[in-house]
file upload12.pdb (PDB, C-alpha atoms)
ATOM      1  CA  SER G   1     255.465 197.187  89.090  1.00  0.00           C
ATOM      2  CA  THR G   2     253.549 193.913  88.611  1.00  0.00           C
ATOM      3  CA  TRP G   3     255.215 190.603  89.372  1.00  0.00           C
ATOM      4  CA  GLY G   4     254.841 189.386  85.788  1.00  0.00           C
ATOM      5  CA  PHE G   5     256.424 192.506  84.304  1.00  0.00           C
ATOM      6  CA  PHE G   6     259.228 192.418  86.878  1.00  0.00           C
ATOM      7  CA  MET G   7     260.111 188.843  85.947  1.00  0.00           C
ATOM      8  CA  SER G   8     259.904 189.563  82.220  1.00  0.00           C
ATOM      9  CA  ALA G   9     262.105 192.662  82.449  1.00  0.00           C
ATOM     10  CA  ARG G  10     264.862 190.676  84.176  1.00  0.00           C
ATOM     11  CA  TRP G  11     265.254 188.281  81.245  1.00  0.00           C
ATOM     12  CA  ILE G  12     267.135 189.051  78.034  1.00  0.00           C
ATOM     13  CA  GLN G  13     264.368 188.530  75.505  1.00  0.00           C
ATOM     14  CA  VAL G  14     262.362 190.250  72.806  1.00  0.00           C
ATOM     15  CA  ASP G  15     259.190 190.752  74.840  1.00  0.00           C
ATOM     16  CA  SER G  16     260.336 194.054  76.339  1.00  0.00           C
ATOM     17  CA  ALA G  17     260.722 195.474  72.821  1.00  0.00           C
ATOM     18  CA  LEU G  18     257.314 194.070  71.901  1.00  0.00           C
ATOM     19  CA  VAL G  19     255.716 195.773  74.909  1.00  0.00           C
ATOM     20  CA  PHE G  20     257.364 199.096  74.063  1.00  0.00           C
ATOM     21  CA  PHE G  21     256.424 199.218  70.383  1.00  0.00           C
ATOM     22  CA  THR G  22     252.908 197.852  70.957  1.00  0.00           C
ATOM     23  CA  THR G  23     252.295 200.423  73.684  1.00  0.00           C
ATOM     24  CA  LEU G  24     253.731 203.159  71.460  1.00  0.00           C
ATOM     25  CA  ALA G  25     251.410 202.106  68.629  1.00  0.00           C
ATOM     26  CA  VAL G  26     248.353 202.244  70.912  1.00  0.00           C
ATOM     27  CA  PHE G  27     249.414 205.637  72.264  1.00  0.00           C
ATOM     28  CA  LEU G  28     249.811 207.032  68.732  1.00  0.00           C
ATOM     29  CA  TYR G  29     246.455 205.544  67.730  1.00  0.00           C
ATOM     30  CA  MET G  30     244.801 207.342  70.644  1.00  0.00           C
ATOM     31  CA  LYS G  31     246.395 210.571  69.449  1.00  0.00           C
ATOM     32  CA  VAL G  32     245.360 210.169  65.820  1.00  0.00           C
ATOM     33  CA  ARG G  33     241.904 209.036  66.948  1.00  0.00           C
ATOM     34  CA  GLU G  34     241.354 212.388  68.630  1.00  0.00           C
ATOM     35  CA  ARG G  35     243.002 214.455  65.910  1.00  0.00           C
ATOM     36  CA  PRO G  36     244.087 212.954  62.551  1.00  0.00           C
ATOM     37  CA  SER G  37     247.683 213.826  61.739  1.00  0.00           C
ATOM     38  CA  LEU G  38     249.945 212.624  58.919  1.00  0.00           C
ATOM     39  CA  PRO G  39     253.157 212.602  61.014  1.00  0.00           C
ATOM     40  CA  VAL G  40     251.433 210.660  63.787  1.00  0.00           C
ATOM     41  CA  SER G  41     250.090 208.125  61.259  1.00  0.00           C
ATOM     42  CA  MET G  42     253.610 207.713  59.880  1.00  0.00           C
ATOM     43  CA  LEU G  43     254.985 207.085  63.378  1.00  0.00           C
ATOM     44  CA  LEU G  44     252.113 204.687  64.066  1.00  0.00           C
ATOM     45  CA  GLY G  45     253.077 202.657  61.016  1.00  0.00           C
ATOM     46  CA  LEU G  46     256.726 202.539  62.079  1.00  0.00           C
ATOM     47  CA  ALA G  47     255.717 201.438  65.590  1.00  0.00           C
ATOM     48  CA  LEU G  48     253.628 198.595  64.138  1.00  0.00           C
ATOM     49  CA  GLY G  49     256.441 197.563  61.828  1.00  0.00           C
ATOM     50  CA  LEU G  50     258.918 197.498  64.699  1.00  0.00           C
ATOM     51  CA  SER G  51     256.468 195.545  66.847  1.00  0.00           C
ATOM     52  CA  PHE G  52     256.480 192.936  64.064  1.00  0.00           C
ATOM     53  CA  MET G  53     260.271 192.950  64.071  1.00  0.00           C
ATOM     54  CA  SER G  54     260.195 192.336  67.823  1.00  0.00           C
ATOM     55  CA  LYS G  55     258.094 189.162  67.816  1.00  0.00           C
ATOM     56  CA  GLY G  56     256.388 188.530  64.501  1.00  0.00           C
ATOM     57  CA  LEU G  57     252.692 189.050  63.939  1.00  0.00           C
ATOM     58  CA  VAL G  58     251.865 189.232  67.662  1.00  0.00           C
ATOM     59  CA  GLY G  59     252.255 193.018  67.864  1.00  0.00           C
ATOM     60  CA  PRO G  60     250.202 193.875  64.749  1.00  0.00           C
ATOM     61  CA  ALA G  61     247.574 191.283  65.757  1.00  0.00           C
ATOM     62  CA  ILE G  62     247.220 192.853  69.210  1.00  0.00           C
ATOM     63  CA  PHE G  63     246.794 196.270  67.630  1.00  0.00           C
ATOM     64  CA  ALA G  64     244.271 194.964  65.072  1.00  0.00           C
ATOM     65  CA  SER G  65     242.158 193.424  67.845  1.00  0.00           C
ATOM     66  CA  ILE G  66     242.172 196.722  69.764  1.00  0.00           C
ATOM     67  CA  LEU G  67     241.132 198.645  66.650  1.00  0.00           C
ATOM     68  CA  ALA G  68     238.348 196.138  65.875  1.00  0.00           C
ATOM     69  CA  MET G  69     236.892 196.348  69.392  1.00  0.00           C
ATOM     70  CA  ASP G  70     237.155 200.135  69.399  1.00  0.00           C
ATOM     71  CA  ILE G  71     235.173 200.247  66.157  1.00  0.00           C
ATOM     72  CA  LEU G  72     232.528 197.873  67.550  1.00  0.00           C
ATOM     73  CA  VAL G  73     232.182 199.752  70.840  1.00  0.00           C
ATOM     74  CA  ASN G  74     231.878 203.150  69.173  1.00  0.00           C
ATOM     75  CA  ARG G  75     230.064 201.885  66.082  1.00  0.00           C
ATOM     76  CA  ASP G  76     232.253 204.098  63.938  1.00  0.00           C
ATOM     77  CA  LEU G  77     234.155 202.755  60.925  1.00  0.00           C
ATOM     78  CA  ARG G  78     235.608 206.217  60.392  1.00  0.00           C
ATOM     79  CA  LEU G  79     238.158 205.386  63.080  1.00  0.00           C
ATOM     80  CA  ILE G  80     240.027 203.412  60.419  1.00  0.00           C
ATOM     81  CA  TRP G  81     240.275 206.416  58.109  1.00  0.00           C
ATOM     82  CA  ARG G  82     241.382 208.706  60.926  1.00  0.00           C
ATOM     83  CA  MET G  83     244.628 206.752  61.155  1.00  0.00           C
ATOM     84  CA  ARG G  84     245.237 207.010  57.373  1.00  0.00           C
ATOM     85  CA  PRO G  85     245.453 203.243  56.795  1.00  0.00           C
ATOM     86  CA  VAL G  86     247.422 203.425  53.520  1.00  0.00           C
ATOM     87  CA  THR G  87     250.089 205.672  55.045  1.00  0.00           C
ATOM     88  CA  THR G  88     250.200 203.558  58.196  1.00  0.00           C
ATOM     89  CA  ALA G  89     250.586 200.342  56.181  1.00  0.00           C
ATOM     90  CA  LEU G  90     253.342 201.790  53.984  1.00  0.00           C
ATOM     91  CA  PHE G  91     255.405 202.947  56.934  1.00  0.00           C
ATOM     92  CA  ALA G  92     254.809 199.637  58.726  1.00  0.00           C
ATOM     93  CA  CYS G  93     256.388 197.901  55.735  1.00  0.00           C
ATOM     94  CA  LEU G  94     259.568 200.016  55.848  1.00  0.00           C
ATOM     95  CA  PRO G  95     261.382 197.897  58.469  1.00  0.00           C
ATOM     96  CA  VAL G  96     259.579 194.650  57.607  1.00  0.00           C
ATOM     97  CA  LEU G  97     260.064 194.230  53.845  1.00  0.00           C
ATOM     98  CA  PRO G  98     263.883 194.491  53.861  1.00  0.00           C
ATOM     99  CA  TRP G  99     263.990 191.899  56.638  1.00  0.00           C
ATOM    100  CA  ILE G 100     261.687 189.545  54.717  1.00  0.00           C
ATOM    101  CA  ALA G 101     263.813 190.020  51.586  1.00  0.00           C
ATOM    102  CA  GLY G 102     266.971 189.246  53.544  1.00  0.00           C
ATOM    103  CA  LEU G 103     265.401 186.174  55.144  1.00  0.00           C
ATOM    104  CA  TYR G 104     264.279 184.894  51.741  1.00  0.00           C
ATOM    105  CA  SER G 105     267.702 185.476  50.215  1.00  0.00           C
ATOM    106  CA  GLN G 106     269.289 183.366  52.954  1.00  0.00           C
ATOM    107  CA  GLY G 107     266.903 180.426  53.057  1.00  0.00           C
ATOM    108  CA  GLY G 108     264.149 180.893  50.510  1.00  0.00           C
ATOM    109  CA  TRP G 109     260.562 179.818  51.136  1.00  0.00           C
ATOM    110  CA  PRO G 110     261.416 177.263  53.901  1.00  0.00           C
ATOM    111  CA  PHE G 111     262.818 180.080  56.078  1.00  0.00           C
ATOM    112  CA  LEU G 112     259.794 182.297  55.428  1.00  0.00           C
ATOM    113  CA  ARG G 113     257.383 179.447  56.074  1.00  0.00           C
ATOM    114  CA  GLU G 114     259.004 178.482  59.374  1.00  0.00           C
ATOM    115  CA  THR G 115     259.150 182.077  60.600  1.00  0.00           C
ATOM    116  CA  LEU G 116     255.830 183.464  59.400  1.00  0.00           C
ATOM    117  CA  ILE G 117     253.514 180.492  58.938  1.00  0.00           C
ATOM    118  CA  VAL G 118     254.631 177.875  61.468  1.00  0.00           C
ATOM    119  CA  ASN G 119     255.633 180.218  64.307  1.00  0.00           C
ATOM    120  CA  ASN G 120     252.595 182.467  63.925  1.00  0.00           C
ATOM    121  CA  PHE G 121     249.528 180.921  62.296  1.00  0.00           C
ATOM    122  CA  MET G 122     250.171 177.251  63.053  1.00  0.00           C
ATOM    123  CA  ARG G 123     251.043 177.930  66.689  1.00  0.00           C
ATOM    124  CA  PHE G 124     247.910 180.058  67.026  1.00  0.00           C
ATOM    125  CA  LEU G 125     245.650 177.421  65.455  1.00  0.00           C
ATOM    126  CA  GLY G 126     247.300 174.481  67.213  1.00  0.00           C
ATOM    127  CA  SER G 127     248.042 172.501  64.047  1.00  0.00           C
ATOM    128  CA  PRO G 128     250.370 169.517  64.592  1.00  0.00           C
ATOM    129  CA  GLU G 129     253.444 171.309  63.259  1.00  0.00           C
ATOM    130  CA  GLY G 130     252.787 174.352  65.417  1.00  0.00           C
ATOM    131  CA  ALA G 131     251.790 172.333  68.484  1.00  0.00           C
ATOM    132  CA  ALA G 132     255.110 170.485  68.303  1.00  0.00           C
ATOM    133  CA  LEU G 133     256.798 173.717  69.421  1.00  0.00           C
ATOM    134  CA  GLY G 134     255.098 173.393  72.834  1.00  0.00           C
ATOM    135  CA  HIS G 135     253.255 175.629  75.318  1.00  0.00           C
ATOM    136  CA  GLN G 136     249.811 174.235  74.499  1.00  0.00           C
ATOM    137  CA  ASN G 137     247.238 175.171  77.150  1.00  0.00           C
ATOM    138  CA  GLY G 138     243.463 175.295  77.498  1.00  0.00           C
ATOM    139  CA  PRO G 139     241.202 178.305  76.794  1.00  0.00           C
ATOM    140  CA  LEU G 140     240.927 179.227  80.506  1.00  0.00           C
ATOM    141  CA  TYR G 141     244.670 179.216  81.144  1.00  0.00           C
ATOM    142  CA  TYR G 142     245.013 183.012  81.357  1.00  0.00           C
ATOM    143  CA  LEU G 143     242.097 183.343  83.772  1.00  0.00           C
ATOM    144  CA  SER G 144     244.133 181.401  86.314  1.00  0.00           C
ATOM    145  CA  SER G 145     247.550 182.901  85.534  1.00  0.00           C
ATOM    146  CA  LEU G 146     246.577 186.584  85.243  1.00  0.00           C
ATOM    147  CA  PRO G 147     245.781 187.219  88.955  1.00  0.00           C
ATOM    148  CA  SER G 148     249.203 186.055  90.140  1.00  0.00           C
ATOM    149  CA  ASN G 149     251.015 187.917  87.364  1.00  0.00           C
ATOM    150  CA  VAL G 150     249.492 191.304  88.219  1.00  0.00           C
ATOM    151  CA  LEU G 151     250.361 191.096  91.919  1.00  0.00           C
ATOM    152  CA  PRO G 152     250.384 193.189  94.058  1.00  0.00           C
ATOM    153  CA  TRP G 153     247.674 195.042  92.125  1.00  0.00           C
ATOM    154  CA  THR G 154     245.299 192.091  91.714  1.00  0.00           C
ATOM    155  CA  LEU G 155     242.635 193.342  94.144  1.00  0.00           C
ATOM    156  CA  VAL G 156     242.751 196.890  92.740  1.00  0.00           C
ATOM    157  CA  MET G 157     242.304 195.580  89.203  1.00  0.00           C
ATOM    158  CA  ILE G 158     238.834 194.253  90.059  1.00  0.00           C
ATOM    159  CA  PRO G 159     237.129 197.609  90.815  1.00  0.00           C
ATOM    160  CA  ALA G 160     239.270 199.295  88.135  1.00  0.00           C
ATOM    161  CA  LEU G 161     237.996 196.852  85.520  1.00  0.00           C
ATOM    162  CA  VAL G 162     234.403 197.226  86.738  1.00  0.00           C
ATOM    163  CA  SER G 163     234.716 201.021  86.488  1.00  0.00           C
ATOM    164  CA  SER G 164     236.097 200.787  82.944  1.00  0.00           C
ATOM    165  CA  ILE G 165     233.273 198.471  81.867  1.00  0.00           C
ATOM    166  CA  ARG G 166     230.680 200.877  83.246  1.00  0.00           C
ATOM    167  CA  ASN G 167     232.201 203.657  81.127  1.00  0.00           C
ATOM    168  CA  TYR G 168     233.116 201.445  78.179  1.00  0.00           C
ATOM    169  CA  ARG G 169     232.332 204.048  75.507  1.00  0.00           C
ATOM    170  CA  LYS G 170     234.570 206.690  77.097  1.00  0.00           C
ATOM    171  CA  ASP G 171     237.282 204.527  78.609  1.00  0.00           C
ATOM    172  CA  PRO G 172     240.260 204.343  76.191  1.00  0.00           C
ATOM    173  CA  TYR G 173     241.951 201.468  77.996  1.00  0.00           C
ATOM    174  CA  LEU G 174     239.218 198.827  78.070  1.00  0.00           C
ATOM    175  CA  SER G 175     239.618 197.827  74.417  1.00  0.00           C
ATOM    176  CA  TRP G 176     243.380 197.845  74.897  1.00  0.00           C
ATOM    177  CA  PHE G 177     243.054 195.088  77.497  1.00  0.00           C
ATOM    178  CA  VAL G 178     239.913 193.099  76.641  1.00  0.00           C
ATOM    179  CA  ALA G 179     240.413 192.601  72.890  1.00  0.00           C
ATOM    180  CA  PRO G 180     244.007 191.257  73.074  1.00  0.00           C
ATOM    181  CA  PHE G 181     243.086 189.155  76.114  1.00  0.00           C
ATOM    182  CA  ILE G 182     240.329 187.434  74.125  1.00  0.00           C
ATOM    183  CA  LEU G 183     242.721 186.981  71.209  1.00  0.00           C
ATOM    184  CA  LEU G 184     245.342 185.384  73.451  1.00  0.00           C
ATOM    185  CA  CYS G 185     242.725 183.093  74.989  1.00  0.00           C
ATOM    186  CA  LEU G 186     241.744 181.889  71.507  1.00  0.00           C
ATOM    187  CA  SER G 187     245.326 180.967  70.698  1.00  0.00           C
ATOM    188  CA  SER G 188     246.265 177.351  71.367  1.00  0.00           C
ATOM    189  CA  THR G 189     249.763 178.406  72.447  1.00  0.00           C
ATOM    190  CA  LYS G 190     249.712 180.106  75.842  1.00  0.00           C
ATOM    191  CA  ARG G 191     252.341 181.295  78.314  1.00  0.00           C
ATOM    192  CA  SER G 192     252.034 183.786  81.152  1.00  0.00           C
ATOM    193  CA  LEU G 193     254.764 185.749  79.410  1.00  0.00           C
ATOM    194  CA  TYR G 194     252.411 186.499  76.513  1.00  0.00           C
ATOM    195  CA  LEU G 195     250.252 188.638  78.820  1.00  0.00           C
ATOM    196  CA  VAL G 196     253.003 191.230  79.317  1.00  0.00           C
ATOM    197  CA  PRO G 197     251.927 193.528  76.410  1.00  0.00           C
ATOM    198  CA  LEU G 198     248.574 193.931  78.198  1.00  0.00           C
ATOM    199  CA  PHE G 199     250.082 195.144  81.470  1.00  0.00           C
ATOM    200  CA  PRO G 200     250.360 198.825  80.388  1.00  0.00           C
ATOM    201  CA  ALA G 201     246.602 198.836  79.751  1.00  0.00           C
ATOM    202  CA  LEU G 202     245.929 197.349  83.183  1.00  0.00           C
ATOM    203  CA  ALA G 203     248.266 199.891  84.774  1.00  0.00           C
ATOM    204  CA  CYS G 204     246.394 202.754  83.096  1.00  0.00           C
ATOM    205  CA  MET G 205     243.027 201.353  84.183  1.00  0.00           C
ATOM    206  CA  ALA G 206     244.196 200.975  87.785  1.00  0.00           C
ATOM    207  CA  ALA G 207     245.753 204.450  87.865  1.00  0.00           C
ATOM    208  CA  GLN G 208     242.633 205.998  86.335  1.00  0.00           C
ATOM    209  CA  TRP G 209     240.431 204.391  88.975  1.00  0.00           C
ATOM    210  CA  LEU G 210     242.750 205.260  91.875  1.00  0.00           C
ATOM    211  CA  MET G 211     242.978 208.900  90.760  1.00  0.00           C
ATOM    212  CA  SER G 212     239.273 209.311  90.135  1.00  0.00           C
ATOM    213  CA  GLY G 213     237.352 211.515  92.520  1.00  0.00           C
ATOM    214  CA  ALA G 214     234.533 209.003  92.860  1.00  0.00           C
ATOM    215  CA  GLU G 215     233.698 207.855  96.368  1.00  0.00           C
ATOM    216  CA  LYS G 216     235.181 204.421  97.037  1.00  0.00           C
ATOM    217  CA  ARG G 217     232.918 201.729  98.465  1.00  0.00           C
ATOM    218  CA  PRO G 218     233.985 200.031 101.731  1.00  0.00           C
ATOM    219  CA  TRP G 219     235.164 196.878  99.939  1.00  0.00           C
ATOM    220  CA  GLU G 220     237.095 199.002  97.447  1.00  0.00           C
ATOM    221  CA  ARG G 221     238.896 200.838 100.240  1.00  0.00           C
ATOM    222  CA  ILE G 222     239.742 197.462 101.778  1.00  0.00           C
ATOM    223  CA  ALA G 223     241.125 196.323  98.405  1.00  0.00           C
ATOM    224  CA  VAL G 224     243.390 199.374  98.215  1.00  0.00           C
ATOM    225  CA  ARG G 225     244.695 198.877 101.759  1.00  0.00           C
ATOM    226  CA  ALA G 226     245.272 195.172 101.131  1.00  0.00           C
ATOM    227  CA  THR G 227     247.190 196.036  97.959  1.00  0.00           C
ATOM    228  CA  TRP G 228     249.606 198.272  99.847  1.00  0.00           C
ATOM    229  CA  ILE G 229     250.106 195.568 102.476  1.00  0.00           C
ATOM    230  CA  VAL G 230     250.876 192.942  99.815  1.00  0.00           C
ATOM    231  CA  ALA G 231     253.237 195.379  98.053  1.00  0.00           C
ATOM    232  CA  LEU G 232     255.066 196.115 101.313  1.00  0.00           C
ATOM    233  CA  VAL G 233     255.389 192.428 102.175  1.00  0.00           C
ATOM    234  CA  GLY G 234     256.671 191.741  98.668  1.00  0.00           C
ATOM    235  CA  CYS G 235     259.315 194.449  98.977  1.00  0.00           C
ATOM    236  CA  LEU G 236     260.507 193.114 102.332  1.00  0.00           C
ATOM    237  CA  ALA G 237     260.473 189.452 101.306  1.00  0.00           C
TER     238      ALA G 237
END

call {"tool": "encode", "arguments": {"input": "upload12.pdb", "output": "structure tokens"}}
result
Amino acid sequence: STWGFFMSARWIQVDSALVFFTTLAVFLYMKVRERPSLPVSMLLGLALGLSFMSKGLVGPAIFASILAMDILVNRDLRLIWRMRPVTTALFACLPVLPWIAGLYSQGGWPFLRETLIVNNFMRFLGSPEGAALGHQNGPLYYLSSLPSNVLPWTLVMIPALVSSIRNYRKDPYLSWFVAPFILLCLSSTKRSLYLVPLFPALACMAAQWLMSGAEKRPWERIAVRATWIVALVGCLA
């Protein structure tokens, strides 16, 4: 229900598929994190592979950043083994390898280089060949574009984020948002559209805070009321 997601969903593009498969991968990781399961690890691998098919290395990179932060926060490398990394990797390759083979058969190394190297690594690093594709912005770009893209929930996101940070070891959604956000900020190529895969994490954080039984401070209650007013105005506009 955010403005950014609403705009993205109205366009015919691959980002909706990226959001779905990335969110599915995170959901399955949360499941296998609590209770290791071979079928869940297999599905996790397929979700990661399909996220790659949606928009290249963006999906797997987002997931890798979440996993890395989760390991750092919990100081537990065993989280990697809970997801059965070999099984996950094998099933991730199932949809990807045939596509790579087909791409190579059609255009050889130049096709692979343009798709995998130029459109992923070079655009991330800002090398001349990648920068020529456009959308170069500074490291603080997302700090200015995020508030408008999460309207009408912008004010609610502030106390929700503060609450998640206070409970960072127990909150399952903080790593889901913070790690990919840092990764996207490091990339030289930036568009508001690239934030869309993070919106499910923000939605979960906001819902968790709104549904919590904790007493809301006066400014937090004002933020909630203001959010409903902005939402109503937006609906009537």

call {"tool": "resolve_selection", "arguments": {"input": "upload12.pdb", "expression": "the PyMOL selection byres ((chain G and resi 116) around 12)", "output": "list in words"}}
result
Phe52, Met53, Lys55, Gly56, Leu57, Val58, Val96, Ile100, Leu103, Tyr104, Trp109, Pro110, Phe111, Leu112, Arg113, Glu114, Thr115, Ile117, Val118, Asn119, Asn120, Phe121, Met122, Arg123, Phe124 and Gly130 of chain G

call {"tool": "resolve_selection", "arguments": {"input": "upload12.pdb", "expression": "the PyMOL selection byres ((chain G and resi 3) around 12)", "output": "PyMOL selection string"}}
result
chain G and resi 1-2+4-10+145-154+192-193+195-196+199+230-231+234-235

call {"tool": "resolve_selection", "arguments": {"input": "upload12.pdb", "expression": "the PyMOL selection byres ((chain G and resi 49) around 7)", "output": "list in words"}}
result
Gly45, Leu46, Ala47, Leu48, Leu50, Ser51, Phe52, Met53, Ala92, Cys93, Pro95 and Val96 of chain G

call {"tool": "atom_distance", "arguments": {"input": "upload12.pdb", "atom1": "CA of Pro39 in chain G", "atom2": "CA of Ala207 in chain G"}}
result
29.0 Å

call {"tool": "residues_around", "arguments": {"input": "upload12.pdb", "residues": "Pro218 in chain G", "least_positions_apart": "6", "cutoff": "12 Å", "atoms": "only C-alpha atoms", "output": "count of residues only"}}
result
3

call {"tool": "axis_aligned_box", "arguments": {"input": "upload12.pdb", "around": "range 73-87 of chain G", "padding_each_side": "4 Å", "output": "AutoDock Vina command-line options"}}
result
--center_x 240.1 --center_y 204.2 --center_z 62.2 --size_x 28.0 --size_y 17.0 --size_z 25.3

call {"tool": "residues_around", "arguments": {"input": "upload12.pdb", "residues": "Val19 in chain G", "least_positions_apart": "3", "cutoff": "8 Å", "atoms": "all atoms listed in the file", "output": "list of chain:residue names"}}
result
G:Asp15, G:Ser16, G:Thr22, G:Thr23, G:Val196, G:Pro197

call {"tool": "closest_residue", "arguments": {"input": "upload12.pdb", "among": "G:Leu236, G:Leu202, G:Leu90, G:Val40", "to": "Tyr173 in chain G", "atoms": "all atoms listed in the file"}}
result
G:Leu202

call {"tool": "closest_residue", "arguments": {"input": "upload12.pdb", "among": "G:Ala223, G:Met30, G:Leu44, G:Met83", "to": "Pro172 in chain G", "atoms": "all atoms listed in the file"}}
result
G:Met30
